[in-house]
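Peer 1: I am attaching a structure below and will ask some questions about it afterwards.
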Amino acid sequence: MHLDIPTLTLVSLLMGISASIGFTSLMIVLHTQRVLRIWVTGIWIGTLAISLIGLRTRIPDGLSIVMGNGLLVFANMLYLKGIAAHLGLPWRWRWPLAFVLAYALGIFWFAYVTPNLGTRLLMGSLQAMAFYLVYAYLLLRHGEPDIRTSCRIAGGVMLLNGLFYLARVFLPADPGHGQSIMQAGLPVEATYLIGILTGLASYFALLQLVTERLMVDLRHAARTDGLTGLLNRSAIVAEGRASLERCQQRGQPFALIIFDLDYFKQINDRWGHDAGDAVLRHVSGILREITRWPGYLASRYGGEEFVLALPGATLQQGVEVAERLRWALAHSHARIDDQHIPVTASIGVAVAHAGTRFEHLVRQANEAMYRTKFDGRNGVSSADLGDAQLMAADE
């Protein structure tokens, strides 16, 4: 088979259709992945653009040249939007859309007003180069630690693609081509072939980004409480053990806080389980808001019971954090519809000594919490001070 530009365009089209169908199937399965929806839209639009460009001489030039190239750069913009969303970066439509419009007008000018195929090829190479280099910059510069591997691989692929389109700028078209890209000669044909390969590499790079993000999300879901977003019981035990061990190796203290919401069953009985869920989310928000301890671990330990681990904190520092938490809960209300639901907590604090295991520390803090309940709730007790309640409720 002779690899002329019409044939290569057909191969590129078939590859685009295959990628579109494949990514669409993946999107149907992973329907919660918003970024994947953006990329699938871009792939379909890019495939349509290749179809229009490949139908040159069979459809009006306005559709083939202007709309085809305009859709191609619009697809590149969607890939950029998807990468920005994947990395959690802000996105504004104005400048990218202005670039798409300016590019389409430029293609129109050099197709109809002053026809020049060489200039159109140059514009196409420059816009592709610019997009690929921006993709590479964002992926290599802003890849989060959890997804850094796929970002580096994808960023490397995008960088190579950008350098390829930079080199393509300097390849001449066949002088006898007239104004038809289908007769542009061997150098352009070679770049079309390489472009197909780089496009295929880009699809695999996007697939790898989606795969690693999915793996990270699954690991996060396995260690996170779905209602509050805090660590679940198994995660706090595993991470608490590791954190306590590090503190003991460095000779640092380690404080643990356990608190249980007062009369939570009555909240469920009076306002319903939706109100109970609202209270739990409210408490987790307060917990995040008032905890400013470096490296802290927070967990919904079970039901209405929460655990807060403070690596490096002494008993007194742990009690101070616990009292701030108790005060913040007692002076705030959870809301559901028009209802304002008061929330208080009984809190126990313990600090690790040499050789203390994490599970033993949890039991100590738990015993202190039950002393708080026995003494009237809405207070803070320490495991090290016996039955003495350190801080009374401040109604």
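Residue numbers start at 1 in each chain; chains themselves are named A, B, ... in the order of the structure tokens; ligands are numbered from 1 in the order shown.
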In range 250-281 of chain A, what's alpha helix (DSSP H) per DSSP? Answer as a PyMOL selection string?

Peer 2: chain A and resi 264-271+273-281

Peer 1: Skipping near chain neighbours, those fewer than 6 positions away, what residues fall within 6 Å of range 305-315 of chain A using only C-alpha atoms, listed as a compact mmCIF listing (two decimals) with C-alpha atoms, in the first residue's frame?

Peer 2:
# COMPACT_ATOMS: atom_id res chain seq x y z
CA GLN A 252 8.65 12.67 70.55
CA PRO A 253 5.32 12.59 72.43
CA PHE A 254 2.10 11.44 70.79
CA ALA A 255 -1.36 12.45 71.98
CA LEU A 256 -4.63 10.79 71.05
CA ILE A 257 -8.13 12.25 71.38
CA ILE A 258 -11.34 10.22 71.24
CA PHE A 259 -14.76 11.85 71.41
CA ASP A 260 -18.29 10.60 71.20
CA TYR A 296 -2.64 15.23 62.45
CA LEU A 297 -4.81 12.22 61.63
CA ALA A 298 -8.59 12.44 61.94
CA SER A 299 -11.01 9.55 61.68
CA VAL A 351 -0.59 10.36 75.62

Peer 1: Can you pull out the residues contacting Gly379 in chain A? Cut-off 12 Å, using only C-alpha atoms, and skip same-chain residues under 2 positions away; I want them as a PDB file with C-alpha atoms, in the first residue's frame.

Peer 2:
ATOM      1  CA  ILE A 258     -11.340  10.224  71.238  1.00  0.00           C
ATOM      2  CA  PHE A 259     -14.756  11.847  71.406  1.00  0.00           C
ATOM      3  CA  ASP A 260     -18.287  10.597  71.197  1.00  0.00           C
ATOM      4  CA  LEU A 261     -21.308  12.753  70.341  1.00  0.00           C
ATOM      5  CA  ASP A 262     -23.704  13.149  73.252  1.00  0.00           C
ATOM      6  CA  VAL A 319      -6.056  18.632  76.163  1.00  0.00           C
ATOM      7  CA  GLU A 320      -5.904  22.168  74.753  1.00  0.00           C
ATOM      8  CA  ALA A 322      -9.636  18.800  72.800  1.00  0.00           C
ATOM      9  CA  GLU A 323     -11.053  21.750  74.701  1.00  0.00           C
ATOM     10  CA  ARG A 324     -11.059  23.937  71.582  1.00  0.00           C
ATOM     11  CA  LEU A 325     -12.917  21.179  69.796  1.00  0.00           C
ATOM     12  CA  ARG A 326     -15.410  20.752  72.658  1.00  0.00           C
ATOM     13  CA  TRP A 327     -16.061  24.491  72.798  1.00  0.00           C
ATOM     14  CA  ALA A 328     -16.477  24.794  69.019  1.00  0.00           C
ATOM     15  CA  LEU A 329     -19.008  21.957  68.943  1.00  0.00           C
ATOM     16  CA  ALA A 330     -20.964  23.252  71.941  1.00  0.00           C
ATOM     17  CA  THR A 344     -21.923  18.396  72.246  1.00  0.00           C
ATOM     18  CA  ALA A 345     -19.254  15.759  72.748  1.00  0.00           C
ATOM     19  CA  SER A 346     -17.624  13.779  75.535  1.00  0.00           C
ATOM     20  CA  ILE A 347     -13.871  13.742  74.997  1.00  0.00           C
ATOM     21  CA  GLY A 348     -10.993  11.635  76.308  1.00  0.00           C
ATOM     22  CA  VAL A 349      -7.293  12.367  75.877  1.00  0.00           C
ATOM     23  CA  ALA A 368     -11.072   8.765  79.749  1.00  0.00           C
ATOM     24  CA  MET A 369     -13.971   9.529  77.394  1.00  0.00           C
ATOM     25  CA  TYR A 370     -16.296   7.303  79.414  1.00  0.00           C
ATOM     26  CA  ARG A 371     -15.264   9.129  82.586  1.00  0.00           C
ATOM     27  CA  THR A 372     -16.408  12.311  80.867  1.00  0.00           C
ATOM     28  CA  LYS A 373     -19.770  10.695  80.120  1.00  0.00           C
ATOM     29  CA  PHE A 374     -20.075   9.551  83.732  1.00  0.00           C
ATOM     30  CA  ASP A 375     -19.300  13.078  84.973  1.00  0.00           C
ATOM     31  CA  GLY A 376     -22.064  14.672  82.915  1.00  0.00           C
ATOM     32  CA  ARG A 377     -20.855  14.774  79.287  1.00  0.00           C
ATOM     33  CA  SER A 381     -10.929  14.098  80.628  1.00  0.00           C
ATOM     34  CA  SER A 382      -7.387  12.793  80.606  1.00  0.00           C
ATOM     35  CA  ALA A 388     -10.524  13.959  87.605  1.00  0.00           C
ATOM     36  CA  GLN A 389     -12.162  15.903  84.846  1.00  0.00           C
ATOM     37  CA  LEU A 390      -9.774  18.505  83.521  1.00  0.00           C
ATOM     38  CA  MET A 391     -12.215  20.912  82.021  1.00  0.00           C
ATOM     39  CA  ALA A 392     -15.863  21.269  82.910  1.00  0.00           C
ATOM     40  CA  ALA A 393     -18.496  22.015  80.349  1.00  0.00           C
ATOM     41  CA  ASP A 394     -18.849  25.693  79.595  1.00  0.00           C
ATOM     42  CA  GLU A 395     -22.533  25.950  78.798  1.00  0.00           C
TER      43      GLU A 395
END

Peer 1: Counting only C-alpha atoms, which residues of range 199-228 of chain A sit at most 12 Å from some atom of range 86-92 of chain A, and what is each one's closest atom pair with its distance in Å to one decimal, listed by chain and rising residue number, as JSON lines?

Peer 2:
{"residue": "A:Leu206", "atom": "CA", "partner": "A:His86", "partner_atom": "CA", "distance": 10.4}
{"residue": "A:Leu209", "atom": "CA", "partner": "A:His86", "partner_atom": "CA", "distance": 8.4}
{"residue": "A:Val210", "atom": "CA", "partner": "A:His86", "partner_atom": "CA", "distance": 8.7}
{"residue": "A:Thr211", "atom": "CA", "partner": "A:His86", "partner_atom": "CA", "distance": 11.9}
{"residue": "A:Glu212", "atom": "CA", "partner": "A:His86", "partner_atom": "CA", "distance": 11.1}
{"residue": "A:Arg213", "atom": "CA", "partner": "A:His86", "partner_atom": "CA", "distance": 8.4}
{"residue": "A:Leu214", "atom": "CA", "partner": "A:His86", "partner_atom": "CA", "distance": 11.3}

Peer 1: Using N, CA and C atoms, can you write the selected residues to a file as a PDB file, in the first residue's frame?

Peer 2:
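See out.pdb below for the written result:
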ATOM      1  N   LEU A 206      -3.112   9.619  27.735  1.00  0.00           N
ATOM      2  CA  LEU A 206      -4.367   9.993  28.395  1.00  0.00           C
ATOM      3  C   LEU A 206      -4.950   8.809  29.160  1.00  0.00           C
ATOM      4  N   LEU A 209      -3.134   8.406  32.391  1.00  0.00           N
ATOM      5  CA  LEU A 209      -3.560   9.415  33.372  1.00  0.00           C
ATOM      6  C   LEU A 209      -4.862   8.992  34.045  1.00  0.00           C
ATOM      7  N   VAL A 210      -5.808   8.521  33.245  1.00  0.00           N
ATOM      8  CA  VAL A 210      -7.094   8.086  33.793  1.00  0.00           C
ATOM      9  C   VAL A 210      -6.898   6.888  34.713  1.00  0.00           C
ATOM     10  N   THR A 211      -6.055   5.940  34.297  1.00  0.00           N
ATOM     11  CA  THR A 211      -5.855   4.721  35.076  1.00  0.00           C
ATOM     12  C   THR A 211      -5.246   5.020  36.441  1.00  0.00           C
ATOM     13  N   GLU A 212      -4.187   5.844  36.463  1.00  0.00           N
ATOM     14  CA  GLU A 212      -3.558   6.118  37.758  1.00  0.00           C
ATOM     15  C   GLU A 212      -4.490   6.931  38.660  1.00  0.00           C
ATOM     16  N   ARG A 213      -5.228   7.871  38.087  1.00  0.00           N
ATOM     17  CA  ARG A 213      -6.191   8.631  38.891  1.00  0.00           C
ATOM     18  C   ARG A 213      -7.231   7.695  39.488  1.00  0.00           C
ATOM     19  N   LEU A 214      -7.706   6.726  38.703  1.00  0.00           N
ATOM     20  CA  LEU A 214      -8.695   5.770  39.202  1.00  0.00           C
ATOM     21  C   LEU A 214      -8.110   4.944  40.335  1.00  0.00           C
TER      22      LEU A 214
END

Peer 1: Need the shell around range 47-52 of chain A: protein/DNA/RNA residues with any atom at most 7 Å away, counting only C-alpha atoms. Skip same-chain ones fewer than 6 positions apart. Format as an MDAnalysis selection string?

Peer 2: chainID A and resid 13 16:17 63:64 68:69 71:72

Peer 1: Just the residues within 12 Å of Tyr132 in chain A, please, counting only C-alpha atoms, with nothing from its chain fewer than 4 positions along; format it as a PyMOL selection string.

Peer 2: chain A and resi 73+76-77+79-80+83+125-128+136-139+154-166+198-199+202

Peer 1: Range 30-252 of chain A: which residues are strand (DSSP E or B) by DSSP, as an NGL selection string?

Peer 2: :A and (56 or 59 or 224 or 231)

Peer 1: Env of Tyr103 in chain A: 10 Å cut, atoms = only C-alpha atoms, seq-sep filter 6 positions within chain, self excluded. Answer as number ranges by chain.

Peer 2: A: 66, 69-70, 73-74, 97, 109, 120, 123-124, 127

Peer 1: Hey, what's within 7 Å of range 145-149 of chain A if we count only C-alpha atoms and toss same-chain stuff fewer than 2 positions away? As a list in words, please?

Peer 2: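 After dropping sequence-adjacent residues, the list is Gly143, Cys151, Arg152, Ile153, Glu212, Arg213 and Val216 of chain A.
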
Peer 1: Just to be explicit: take each residue in the selection above, keep C-alpha atoms, and write the result as an mmCIF file, in the first residue's frame.

Peer 2:
data_model
loop_
_atom_site.group_PDB
_atom_site.id
_atom_site.type_symbol
_atom_site.label_atom_id
_atom_site.label_comp_id
_atom_site.auth_asym_id
_atom_site.auth_seq_id
_atom_site.Cartn_x
_atom_site.Cartn_y
_atom_site.Cartn_z
ATOM 1 C CA GLY A 143 1.443 16.748 38.727
ATOM 2 C CA CYS A 151 1.966 12.808 34.743
ATOM 3 C CA ARG A 152 5.688 12.449 34.068
ATOM 4 C CA ILE A 153 5.187 9.772 31.424
ATOM 5 C CA GLU A 212 -3.558 6.118 37.758
ATOM 6 C CA ARG A 213 -6.191 8.631 38.891
ATOM 7 C CA VAL A 216 -5.625 6.718 43.558
#

Peer 1: Using only C-alpha atoms, which residue out of A:Arg37, A:Arg223, A:His282, A:Arg357 lies closest to Ser243 in chain A?

Peer 2: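 That would be A:Arg357, the residue with the smallest distance to Ser243 in chain A.
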
Peer 1: Of the candidates A:Glu245, A:Gly54, A:Val169, A:Ile38, which one gets nearest to Thr356 in chain A if we count only C-alpha atoms?

Peer 2: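 Result for the nearest residue to Thr356 in chain A: A:Glu245.
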
Peer 1: Taking only C-alpha atoms into account, name the residue in A:His220, A:Arg300, A:Lys81, A:Arg168 that is nearest to Ser284 in chain A.

Peer 2: A:Arg300

Peer 1: Please determine, counting only C-alpha atoms, which residue among A:Ile43, A:Ala84, A:Ala205, A:Ile236 has the shortest atom-to-atom distance to Ala222 in chain A.

Peer 2: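 Ranked by minimum distance to Ala222 in chain A, first place goes to A:Ile236.
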
Peer 1: Would you mind reading off the distance between CA of His331 in chain A and CA of Val343 in chain A, one decimal, in Å?

Peer 2: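 We find that CA of His331 in chain A and CA of Val343 in chain A lie 8.2 Å from each other.
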
Peer 1: Using only C-alpha atoms, which residue out of A:Val321, A:Leu121, A:Ile196, A:Val362 lies closest to Leu244 in chain A?

Peer 2: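 Going through A:Val321, A:Leu121, A:Ile196, A:Val362 one by one, the smallest distance to Leu244 in chain A is for A:Val362.
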
Peer 1: Could you check which of A:Phe131, A:Gln339, A:Asn116, A:Glu359 is closest to Arg233 in chain A, using only C-alpha atoms?

Peer 2: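 Closest candidate: A:Glu359.
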